[in-house]
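With TSV, C-alpha atoms inside, this is input-v7.tsv:
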chain	number	residue	atom	x	y	z
A	148	MET	CA	-22.10	23.95	158.97
A	149	ARG	CA	-24.25	25.70	161.57
A	150	LEU	CA	-27.53	27.14	160.33
A	151	VAL	CA	-28.01	30.74	161.51
A	152	SER	CA	-31.50	32.03	162.05
A	153	ILE	CA	-32.51	34.96	159.83
A	154	PRO	CA	-34.37	37.84	161.54
A	155	PRO	CA	-38.00	38.18	160.37
A	156	PRO	CA	-38.73	40.88	157.77
A	157	THR	CA	-39.90	44.26	159.00
A	158	GLY	CA	-43.66	44.81	158.97
A	159	PRO	CA	-46.64	45.17	161.29
A	160	GLN	CA	-45.69	44.34	164.86
A	161	PHE	CA	-47.76	43.02	167.74
A	162	GLY	CA	-49.57	45.85	169.53
A	163	GLY	CA	-50.54	49.28	168.31
A	164	GLY	CA	-54.02	47.99	167.47
A	165	ALA	CA	-52.84	45.81	164.54
A	166	GLN	CA	-53.54	42.10	164.45
A	167	PRO	CA	-50.57	39.71	164.47
A	168	PRO	CA	-49.71	38.41	161.02
A	169	TYR	CA	-50.48	34.84	160.06
A	170	PHE	CA	-47.55	32.40	160.11
A	171	PRO	CA	-48.36	29.38	157.93
A	172	HIS	CA	-45.94	27.05	159.77
A	173	GLN	CA	-48.00	27.43	162.97
A	174	GLY	CA	-50.94	25.52	161.60
A	175	ALA	CA	-52.55	24.09	158.49
A	176	PRO	CA	-52.68	26.41	155.48
A	177	GLY	CA	-55.94	28.32	155.16
A	178	PRO	CA	-57.40	31.63	154.10
A	179	ALA	CA	-55.42	34.76	154.82
A	180	PRO	CA	-56.36	36.51	158.08
A	181	TYR	CA	-58.82	39.42	158.05
A	182	PHE	CA	-57.47	42.78	159.17
A	183	PRO	CA	-60.40	45.10	160.04
A	184	TYR	CA	-58.10	48.12	160.34
A	185	GLY	CA	-55.29	49.21	158.05
A	186	PRO	CA	-53.89	47.71	154.85
A	187	ARG	CA	-53.08	44.04	154.46
A	188	PRO	CA	-49.42	43.34	155.33
A	189	PRO	CA	-47.15	41.92	152.63
A	190	ALA	CA	-46.67	38.16	152.47
A	191	ALA	CA	-43.83	36.75	154.58
A	192	VAL	CA	-40.54	35.84	152.92
A	193	ASN	CA	-39.97	32.10	152.82
A	194	GLY	CA	-37.12	31.22	155.20
A	195	VAL	CA	-36.14	28.13	153.22
A	196	ALA	CA	-35.62	30.33	150.15
A	197	ILE	CA	-33.23	32.50	152.12
A	198	ALA	CA	-31.29	29.42	153.25
A	199	ALA	CA	-31.18	28.11	149.68
A	200	LEU	CA	-29.72	31.40	148.46
A	201	VAL	CA	-27.11	31.40	151.24
A	202	PHE	CA	-26.01	27.85	150.42
A	203	GLY	CA	-25.93	28.68	146.74
A	204	ILE	CA	-23.68	31.69	147.29
A	205	LEU	CA	-21.33	29.88	149.69
A	206	CYS	CA	-21.12	26.85	147.36
A	207	PHE	CA	-19.73	24.62	150.16
A	208	LEU	CA	-22.70	22.23	150.13
A	209	PRO	CA	-24.30	22.69	146.71
A	210	ALA	CA	-26.51	19.62	147.01
A	211	VAL	CA	-28.09	21.05	150.16
A	212	GLY	CA	-28.70	24.40	148.49
A	213	LEU	CA	-30.33	22.66	145.51
A	214	VAL	CA	-32.69	20.63	147.70
A	215	LEU	CA	-33.60	23.65	149.82
A	216	GLY	CA	-34.31	25.69	146.69
A	217	VAL	CA	-36.76	23.08	145.36
A	218	ILE	CA	-38.49	22.84	148.74
A	219	ALA	CA	-38.74	26.63	148.91
A	220	LEU	CA	-40.40	26.85	145.49
A	221	LEU	CA	-43.02	24.28	146.52
A	222	GLN	CA	-43.73	26.07	149.80
A	223	ILE	CA	-43.96	29.47	148.13
A	224	LYS	CA	-46.49	28.19	145.60
A	225	ARG	CA	-48.60	26.55	148.29
A	226	ARG	CA	-48.42	29.31	150.93
A	227	GLY	CA	-48.32	32.41	148.77
A	228	GLU	CA	-45.09	33.61	150.32
A	229	ARG	CA	-42.44	35.82	148.82
A	230	GLY	CA	-38.89	34.73	147.97
A	231	LYS	CA	-39.33	32.96	144.63
A	232	GLY	CA	-36.41	34.90	143.14
A	233	MET	CA	-34.11	33.88	145.98
A	234	ALA	CA	-35.20	30.25	145.67
A	235	VAL	CA	-34.56	30.24	141.92
A	236	ALA	CA	-31.17	31.91	142.44
A	237	GLY	CA	-30.32	29.33	145.10
A	238	VAL	CA	-31.23	26.46	142.76
A	239	THR	CA	-29.22	27.99	139.90
A	240	LEU	CA	-26.12	28.72	141.96
A	241	SER	CA	-26.25	25.35	143.72
A	242	SER	CA	-26.61	23.52	140.42
A	243	LEU	CA	-23.58	25.36	139.08
A	244	GLY	CA	-21.68	24.63	142.29
A	245	LEU	CA	-22.59	20.95	142.08
A	246	VAL	CA	-21.19	20.77	138.56
A	247	LEU	CA	-17.97	22.50	139.63
A	248	TRP	CA	-17.52	20.25	142.69
A	249	THR	CA	-18.04	17.14	140.56
A	250	ALA	CA	-15.41	18.31	138.11
A	251	ALA	CA	-13.04	19.19	140.95
A	252	LEU	CA	-13.43	15.76	142.51
A	253	VAL	CA	-12.58	14.12	139.21
A	254	THR	CA	-9.45	16.24	138.73
A	255	GLY	CA	-8.31	16.14	142.37
A	256	SER	CA	-8.63	19.90	142.90
A	257	VAL	CA	-10.77	19.42	146.00
A	258	THR	CA	-8.02	17.44	147.66
A	259	ALA	CA	-5.54	20.22	147.01
A	260	PHE	CA	-8.02	22.81	148.28
A	261	TRP	CA	-8.74	20.84	151.45
A	262	GLU	CA	-5.07	20.30	152.18
A	263	GLY	CA	-4.47	23.99	151.75
A	264	PHE	CA	-7.36	24.77	154.06
A	265	ARG	CA	-6.04	22.39	156.70
A	266	GLU	CA	-2.55	23.84	156.49
A	267	GLY	CA	-3.97	27.32	156.90
A	268	ALA	CA	-5.95	26.23	159.94
A	269	ARG	CA	-2.88	24.61	161.43
A	270	SER	CA	-0.64	27.63	160.94
A	271	GLY	CA	0.77	28.75	164.25
A	272	SER	CA	-0.09	25.48	165.96
A	273	VAL	CA	1.83	22.38	167.00
A	274	LEU	CA	0.16	20.57	164.10
A	275	ALA	CA	2.07	22.74	161.61
A	276	LEU	CA	5.51	21.64	162.82
A	277	ARG	CA	7.72	19.67	160.44
A	278	THR	CA	11.12	18.02	160.74
A	279	GLY	CA	13.84	20.67	160.98
A	280	ASP	CA	11.53	23.40	162.30
A	281	CYS	CA	12.63	25.51	165.25
A	282	PHE	CA	9.86	27.08	167.32
A	283	THR	CA	8.82	28.98	170.40
A	284	SER	CA	5.87	28.04	172.57
A	285	PRO	CA	4.17	30.11	175.31
A	286	GLY	CA	4.72	27.38	177.90
A	287	GLY	CA	8.10	26.22	176.64
A	288	LEU	CA	8.38	22.43	176.47
A	289	GLU	CA	6.37	21.65	179.58
A	290	GLY	CA	2.67	20.87	179.98
A	291	TRP	CA	-0.11	21.05	177.40
A	292	THR	CA	0.02	23.42	174.48
A	293	THR	CA	-1.48	23.87	171.06
A	294	THR	CA	0.56	26.90	170.01
A	295	ALA	CA	3.98	26.81	168.39
A	296	ARG	CA	5.40	29.69	166.40
A	297	LYS	CA	8.04	28.72	163.85
A	298	VAL	CA	11.17	30.87	163.95
A	299	PRO	CA	14.57	30.72	162.19
A	300	CYS	CA	16.88	28.34	164.03
A	301	ALA	CA	19.43	31.17	164.25
A	302	ASP	CA	16.99	32.97	166.58
A	303	GLU	CA	16.30	31.97	170.17
A	304	HIS	CA	13.87	29.07	170.32
A	305	ASP	CA	12.44	26.52	172.76
A	306	GLY	CA	12.81	23.43	170.62
A	307	GLU	CA	13.80	21.87	167.32
A	308	VAL	CA	11.74	19.12	165.68
A	309	PHE	CA	13.91	16.18	164.65
A	310	ALA	CA	11.31	13.60	163.63
A	311	LEU	CA	7.60	13.02	163.06
A	312	VAL	CA	6.32	9.60	164.12
A	313	ALA	CA	3.05	8.32	162.63
A	314	VAL	CA	0.62	6.86	165.17
A	315	PRO	CA	-1.03	3.69	163.80
A	316	GLY	CA	-4.71	2.86	164.07
A	317	THR	CA	-7.95	4.79	163.72
A	318	ASP	CA	-9.05	4.90	167.37
A	319	PHE	CA	-7.36	7.11	169.96
A	320	PRO	CA	-4.80	4.77	171.61
A	321	GLY	CA	-4.82	6.44	175.02
A	322	ASP	CA	-2.24	8.54	176.83
A	323	ASP	CA	-0.24	5.61	178.24
A	324	SER	CA	0.16	3.96	174.85
A	325	LEU	CA	1.15	7.26	173.24
A	326	THR	CA	3.73	7.90	175.95
A	327	GLU	CA	5.35	4.51	175.37
A	328	LEU	CA	5.31	4.95	171.60
A	329	SER	CA	6.71	8.47	171.77
A	330	GLU	CA	9.56	7.65	174.12
A	331	ASP	CA	10.66	4.58	172.17
A	332	ARG	CA	10.39	5.98	168.65
A	333	CYS	CA	11.79	9.43	169.38
A	334	TYR	CA	14.95	8.08	170.95
A	335	GLU	CA	15.31	5.63	168.07
A	336	ARG	CA	15.19	8.42	165.51
A	337	ARG	CA	17.43	10.95	167.22
A	338	SER	CA	20.63	9.52	165.74
A	339	ALA	CA	19.29	9.90	162.20
A	340	TYR	CA	18.89	13.66	162.74
A	341	VAL	CA	21.98	14.11	164.93
A	342	MET	CA	24.41	11.66	163.35
A	343	ASP	CA	27.30	13.17	165.24
A	344	GLY	CA	26.40	12.39	168.85
A	345	TRP	CA	29.49	14.27	170.03
A	346	SER	CA	28.00	17.51	168.70
A	347	LEU	CA	24.91	17.28	170.92
A	348	PRO	CA	25.31	19.45	174.04
A	349	GLU	CA	24.99	17.62	177.33
A	350	GLU	CA	22.08	19.80	178.47
A	351	ILE	CA	19.92	18.92	175.45
A	352	GLY	CA	17.13	16.43	176.10
A	353	VAL	CA	14.42	14.72	174.05
A	354	TYR	CA	10.82	15.93	174.25
A	355	TYR	CA	7.73	15.23	172.19
A	356	PHE	CA	4.30	16.58	171.32
A	357	ALA	CA	1.77	13.73	171.31
A	358	PRO	CA	-1.84	13.94	170.08
A	359	SER	CA	-4.50	14.62	172.69
A	360	LYS	CA	-7.94	13.06	172.52
A	361	GLU	CA	-9.26	16.39	171.24
A	362	SER	CA	-6.62	16.88	168.53
A	363	TRP	CA	-7.09	13.24	167.45
A	364	SER	CA	-10.66	14.03	166.48
A	365	PHE	CA	-9.30	16.73	164.13
A	366	GLY	CA	-7.03	14.29	162.33
A	367	ASP	CA	-3.85	14.63	164.42
A	368	ARG	CA	-2.02	11.32	163.87
A	369	SER	CA	1.65	12.06	164.51
A	370	VAL	CA	4.09	12.60	167.36
A	371	ALA	CA	6.55	15.48	166.97
A	372	CYS	CA	9.93	14.56	168.47
A	373	VAL	CA	11.75	17.62	169.79
A	374	LEU	CA	15.21	18.54	171.06
A	375	GLY	CA	15.37	21.18	173.80
A	376	ARG	CA	17.28	22.30	176.87
A	377	GLU	CA	16.49	20.32	179.99
A	378	ASP	CA	16.58	23.47	182.12
A	379	GLY	CA	13.78	25.02	180.03
A	380	THR	CA	15.85	27.91	178.67
A	381	ARG	CA	15.96	28.83	175.01
A	382	PHE	CA	18.94	28.32	172.71
A	383	THR	CA	20.15	29.40	169.29
A	384	GLY	CA	21.42	27.46	166.32
A	385	SER	CA	20.34	24.18	164.76
A	386	LEU	CA	21.39	20.86	166.30
A	387	ARG	CA	21.04	19.03	163.01
A	388	SER	CA	23.96	16.99	161.71
A	389	ASP	CA	22.92	14.77	158.81
A	390	ALA	CA	23.18	14.61	155.04
A	391	THR	CA	21.70	18.13	154.77
A	392	THR	CA	24.47	19.73	156.86
A	393	LEU	CA	27.52	17.44	156.54
A	394	ASP	CA	30.00	17.13	153.68
A	395	ALA	CA	30.64	13.79	151.95
A	396	HIS	CA	33.69	12.89	154.07
A	397	GLN	CA	32.06	13.72	157.39
A	398	LEU	CA	29.01	11.73	156.36
A	399	ALA	CA	31.11	8.70	155.35
A	400	TYR	CA	32.96	8.69	158.66
A	401	LEU	CA	29.81	9.01	160.80
A	402	GLU	CA	27.98	6.31	158.83
A	403	ALA	CA	30.89	3.95	159.46
A	404	ALA	CA	31.01	4.86	163.15
A	405	GLU	CA	27.26	4.32	163.52
A	406	VAL	CA	27.66	0.63	162.65
A	407	LEU	CA	29.69	0.13	165.82
A	408	ASN	CA	27.45	2.43	167.87
A	409	VAL	CA	24.39	0.34	167.05
A	410	ALA	CA	26.14	-2.88	168.05
A	411	LEU	CA	27.43	-1.44	171.33
A	412	ASP	CA	23.96	-0.17	172.14
A	413	GLU	CA	22.63	-3.75	172.15
A	414	VAL	CA	24.61	-4.66	175.27
A	415	PRO	CA	22.75	-7.38	177.26
A	416	GLU	CA	21.00	-6.39	180.46
A	417	SER	CA	22.80	-9.00	182.57
A	418	GLY	CA	25.02	-7.62	185.32
A	419	TYR	CA	28.73	-8.02	185.80
A	420	PHE	CA	30.03	-11.40	186.92
A	421	ASP	CA	26.86	-13.39	186.10
A	422	ASP	CA	27.57	-17.08	185.69
A	423	ASP	CA	25.56	-17.32	182.48
A	424	VAL	CA	27.47	-15.40	179.82
A	425	SER	CA	25.89	-16.98	176.76
A	426	ASP	CA	24.06	-13.78	175.76
A	427	ASP	CA	27.14	-11.68	176.47
A	428	ARG	CA	29.37	-13.88	174.32
A	429	GLU	CA	26.90	-13.69	171.45
A	430	TRP	CA	26.78	-9.92	171.77
A	431	ALA	CA	30.60	-9.70	171.84
A	432	GLY	CA	30.64	-11.63	168.57
A	433	GLU	CA	28.20	-9.11	167.05
A	434	VAL	CA	30.43	-6.24	168.16
A	435	GLU	CA	33.41	-7.98	166.54
A	436	GLU	CA	31.48	-8.14	163.25
A	437	ALA	CA	30.46	-4.49	163.59
A	438	VAL	CA	34.10	-3.43	164.05
A	439	ALA	CA	35.03	-5.40	160.94
A	440	GLU	CA	32.26	-3.67	158.95
A	441	GLN	CA	33.38	-0.25	160.19
A	442	VAL	CA	36.91	-0.99	159.02
A	443	ARG	CA	35.60	-2.05	155.61
A	444	LEU	CA	33.61	1.17	155.21
A	445	LEU	CA	36.54	3.33	156.26
A	446	ARG	CA	38.83	1.63	153.74
A	447	ALA	CA	36.27	1.88	150.94
A	448	HIS	CA	36.06	5.69	151.08
A	449	THR	CA	38.51	8.03	149.37
A	450	TRP	CA	39.59	10.46	152.08
A	451	PRO	CA	41.05	13.94	151.61
A	452	ALA	CA	44.82	14.23	151.95
A	453	GLY	CA	44.72	15.62	155.49
A	454	ALA	CA	42.59	12.73	156.79
A	455	ARG	CA	44.30	9.73	155.16
A	456	GLU	CA	46.98	9.17	157.76
A	457	PRO	CA	44.62	9.60	160.77
A	458	VAL	CA	42.14	7.19	159.16
A	459	ASP	CA	44.88	4.60	158.59
A	460	GLU	CA	45.89	4.87	162.24
A	461	LEU	CA	42.29	4.47	163.33
A	462	VAL	CA	41.87	1.39	161.13
A	463	ALA	CA	44.93	-0.18	162.78
A	464	ASP	CA	43.51	0.54	166.25
A	465	LEU	CA	40.14	-0.90	165.24
A	466	GLY	CA	41.91	-4.08	164.18
A	467	LYS	CA	43.16	-4.48	167.76
A	468	ALA	CA	39.66	-3.81	169.10
A	469	ARG	CA	38.23	-6.46	166.77
A	470	LEU	CA	40.67	-9.07	168.11
A	471	ALA	CA	39.76	-8.14	171.69
A	472	TRP	CA	36.03	-8.58	171.09
A	473	GLY	CA	36.70	-11.83	169.28
A	474	ARG	CA	38.62	-13.19	172.28
A	475	ALA	CA	35.71	-12.24	174.56
A	476	ALA	CA	33.23	-13.98	172.27
A	477	GLY	CA	35.31	-17.16	172.35
A	478	THR	CA	35.68	-17.32	176.15
A	479	ALA	CA	33.21	-19.68	177.83
A	480	ASP	CA	34.46	-19.42	181.42
A	481	PRO	CA	32.44	-16.63	183.14
A	482	ASP	CA	35.34	-15.20	185.16
A	483	ALA	CA	37.62	-15.16	182.15
A	484	TYR	CA	34.88	-13.68	179.96
A	485	TRP	CA	34.42	-10.60	182.14
A	486	ILE	CA	38.17	-9.95	182.04
A	487	ARG	CA	38.16	-10.26	178.25
A	488	GLU	CA	35.21	-7.92	177.93
A	489	GLU	CA	36.95	-5.27	180.04
A	490	GLU	CA	39.95	-5.54	177.75
A	491	ALA	CA	37.70	-5.15	174.71
A	492	TRP	CA	36.09	-2.00	176.12
A	493	GLU	CA	39.53	-0.53	176.78
A	494	ALA	CA	40.54	-1.29	173.19
A	495	THR	CA	37.41	0.52	171.99
A	496	ASP	CA	38.63	3.88	173.27
A	497	PRO	CA	36.66	6.84	171.89
A	498	SER	CA	39.76	9.04	172.06
A	499	LEU	CA	41.22	7.02	169.16
A	500	SER	CA	38.94	8.88	166.75
A	501	ILE	CA	39.87	12.41	167.84
A	502	THR	CA	42.60	12.90	165.22
A	503	VAL	CA	40.27	11.75	162.43
A	504	ARG	CA	37.53	14.04	163.69
A	505	GLU	CA	39.90	16.98	163.81
A	506	ALA	CA	41.02	16.32	160.25
A	507	LEU	CA	37.39	16.19	159.07
A	508	GLY	CA	36.24	19.28	160.96
A	509	LEU	CA	34.03	17.43	163.45
A	510	VAL	CA	33.66	17.98	167.19
A	511	THR	CA	36.66	16.56	169.05
A	512	SER	CA	35.35	16.49	172.64
A	513	PRO	CA	33.63	13.22	173.60
A	514	PRO	CA	30.29	13.48	175.43
A	515	ALA	CA	30.60	13.57	179.22
A	516	TYR	CA	29.17	10.07	179.62
A	517	ASP	CA	31.94	8.66	177.40
A	518	GLU	CA	34.72	9.79	179.68
A	519	GLU	CA	34.29	6.63	181.72
A	520	VAL	CA	33.19	3.47	179.93
A	521	GLU	CA	30.47	1.75	181.93
A	522	ARG	CA	28.30	-1.28	181.24
A	523	GLU	CA	25.18	0.74	180.56
A	524	PRO	CA	23.12	1.57	177.45
A	525	GLU	CA	24.90	4.94	177.26
A	526	ALA	CA	28.01	3.09	176.20
A	527	GLY	CA	26.28	2.73	172.82
A	528	GLU	CA	27.04	6.38	172.19
A	529	MET	CA	30.76	5.60	172.08
A	530	GLU	CA	32.33	5.67	168.68
A	531	VAL	CA	35.75	5.17	167.23
Written as structure tokens, how would this file's structure read?
Amino acid sequence: MRLVSIPPPTGPQFGGGAQPPYFPHQGAPGPAPYFPYGPRPPAAVNGVAIAALVFGILCFLPAVGLVLGVIALLQIKRRGERGKGMAVAGVTLSSLGLVLWTAALVTGSVTAFWEGFREGARSGSVLALRTGDCFTSPGGLEGWTTTARKVPCADEHDGEVFALVAVPGTDFPGDDSLTELSEDRCYERRSAYVMDGWSLPEEIGVYYFAPSKESWSFGDRSVACVLGREDGTRFTGSLRSDATTLDAHQLAYLEAAEVLNVALDEVPESGYFDDDVSDDREWAGEVEEAVAEQVRLLRAHTWPAGAREPVDELVADLGKARLAWGRAAGTADPDAYWIREEEAWEATDPSLSITVREALGLVTSPPAYDEEVEREPEAGEMEV
């Protein structure tokens, strides 16, 4: 808390023939000055007493107010100053405040008060954003900003928060480290918020708000992962597709599909036609297991009447895909392996799931990057 100086009390001023009043803090205490002309001015008000009263009334730092009140009483007695009533009031109020603060600490009320204070201070800022919030920002999603106004997702907005990532450690990690953390963790968590990757428009990209060195000093310890248009324009409607927006059947299908998506996303970084296919064969075996698990999950769920036949057809197609990935995993010859892998990709055709999706009320148009299956990380977004 910043101490604010209190203007001196009104009284005789310098000039006009009057002598300047005596200020005890300018030298050792002594006899009061002699004024040959005019009446003796009233004693000065003790400044410490005023401060004690202020702290007592505010009650933010009761221990400080109590100490200042005691000091003021000692100074007033020694210097003959005014302000005893204010000092006593400061001591009384601070003592009461100290009792109340002690009780609040024991019951946890201070924590609740402080959290409420922090939330109030954060209102209207990036720090107030939570998962699922849609917002507008003066500068959109580019550059530095501290302002973000929450709006209904049905209204036009710049971005939608899909995850909050905690930043570990107590010291500011630096911009480079935060960039790496934000990019990795935000992309990892996107699929948990948008389980149906087909529903995500092609023009939507991933952004994030990372702590700055300044905000870190105020307790900012999280990265806000955001979805927004790559061209910087605003959009309407929520992009969320998870347990809060999907029905039980849609959720069951997407959870089963995600098993295969995760496996496909782990495709090795080796290029086509490498002589060493050991990593690729191991990965093909993992995809085979993922297809088997997807089939198990699809069979375990009780589907509505309109989706039973499409699901059965999909399960049969997945059985063929499983065999294809198994053949690739068991092929040691490099040239033969690459042929087997191509066959496995063809068997894992995303269009096979369209009839199931239509029956469940999900988006039926595959993302643009799924139209041609390529050996790239994007292939992990394929699902059947």
Legend entry - Distance in Å - CA of Val298 (chain A) versus CA of Arg277 (chain A):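 It comes out at 12.2 Å.
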Per-axis box centre and lengths in Å around region 318-336 of chain A, 8 Å margin per side, axis-aligned, as AutoDock Vina command-line options:
--center_x 3.1 --center_y 6.7 --center_z 171.9 --size_x 40.4 --size_y 21.5 --size_z 28.7
Legend entry - Between CA of Thr511 (chain A) and CA of Gly432 (chain A) - distance in Å to one decimal: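 Computing the Euclidean distance for CA of Gly432 (chain A) and CA of Thr511 (chain A) yields 28.8 Å.
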Inset, instruction - Tell me, as a PyMOL selection string, which residues lie within 12 Å of Pro348 (chain A), counting only C-alpha atoms; anything in the same chain fewer than 6 positions away does not count. - result: chain A and resi 341+374-377+382+384-387+510+512-516
Inset, instruction - Quote the spacing between CA of Ala395 (chain A) and CA of Val462 (chain A) in Å to one decimal place. - result: 19.1 Å
Legend entry - Which of A:Thr391, A:Thr292, A:Ser425, A:Ser364 sits closest to Ala476 (chain A) [using all atoms listed in the file]: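 Smallest distance to Ala476 (chain A) is found for A:Ser425.
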Residues at most 12 Å from Ala483 (chain A), counting only C-alpha atoms, excluding those fewer than 6 positions away in the same chain, as a compact mmCIF listing (two decimals) with C-alpha atoms, in the frame of the given file?
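And here's result-v5.txt as it stands now:
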# COMPACT_ATOMS: atom_id res chain seq x y z
CA TYR A 419 28.73 -8.02 185.80
CA PHE A 420 30.03 -11.40 186.92
CA ASP A 421 26.86 -13.39 186.10
CA ASP A 422 27.57 -17.08 185.69
CA VAL A 424 27.47 -15.40 179.82
CA ARG A 428 29.37 -13.88 174.32
CA ARG A 474 38.62 -13.19 172.28
CA ALA A 475 35.71 -12.24 174.56
CA ALA A 476 33.23 -13.98 172.27
CA GLY A 477 35.31 -17.16 172.35
CA GLU A 489 36.95 -5.27 180.04
CA GLU A 490 39.95 -5.54 177.75
Inset, instruction - Compare A:Arg368, A:Lys360, A:His304, A:Arg336 by their minimum atom-to-atom distance to Thr317 (chain A), counting all atoms listed in the file, and give me the closest one. - result: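 Distance minimum relative to Thr317 (chain A) lands on A:Arg368.
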Legend entry - Pick from A:Asp389, A:Glu405, A:Asp318, A:Glu335 nearest to Asp367 (chain A), counting all atoms listed in the file: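 Closest residue, counting all atoms listed in the file: A:Asp318.
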Legend entry - Of the listed residues A:Val409, A:Ala404, A:Val353, A:Ala479, that which approaches Leu465 (chain A) most closely, counting all atoms listed in the file: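 With all atoms listed in the file as the atom set, the closest residue is A:Ala404.
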Inset, instruction - Name all residues at most 10 Å from Leu328 (chain A) (count all atoms listed in the file; drop same-chain ones fewer than 3 positions away) and give them as a ChimeraX atom specification. - result: /A:312-314,322-325,331-333,357,370
Legend entry - Residue nearest Trp485 (chain A) - candidates A:Ser498, A:Pro457, A:Asp423, A:Glu440, atoms counted: only C-alpha atoms: A:Asp423
Inset, instruction - Give as a PyMOL selection string the set of residues within 8 Å of the point (24.6, -10.1, 175.2), where distances use the file's coordinates and all atoms listed in the file. - result: chain A and resi 413-417+424-431
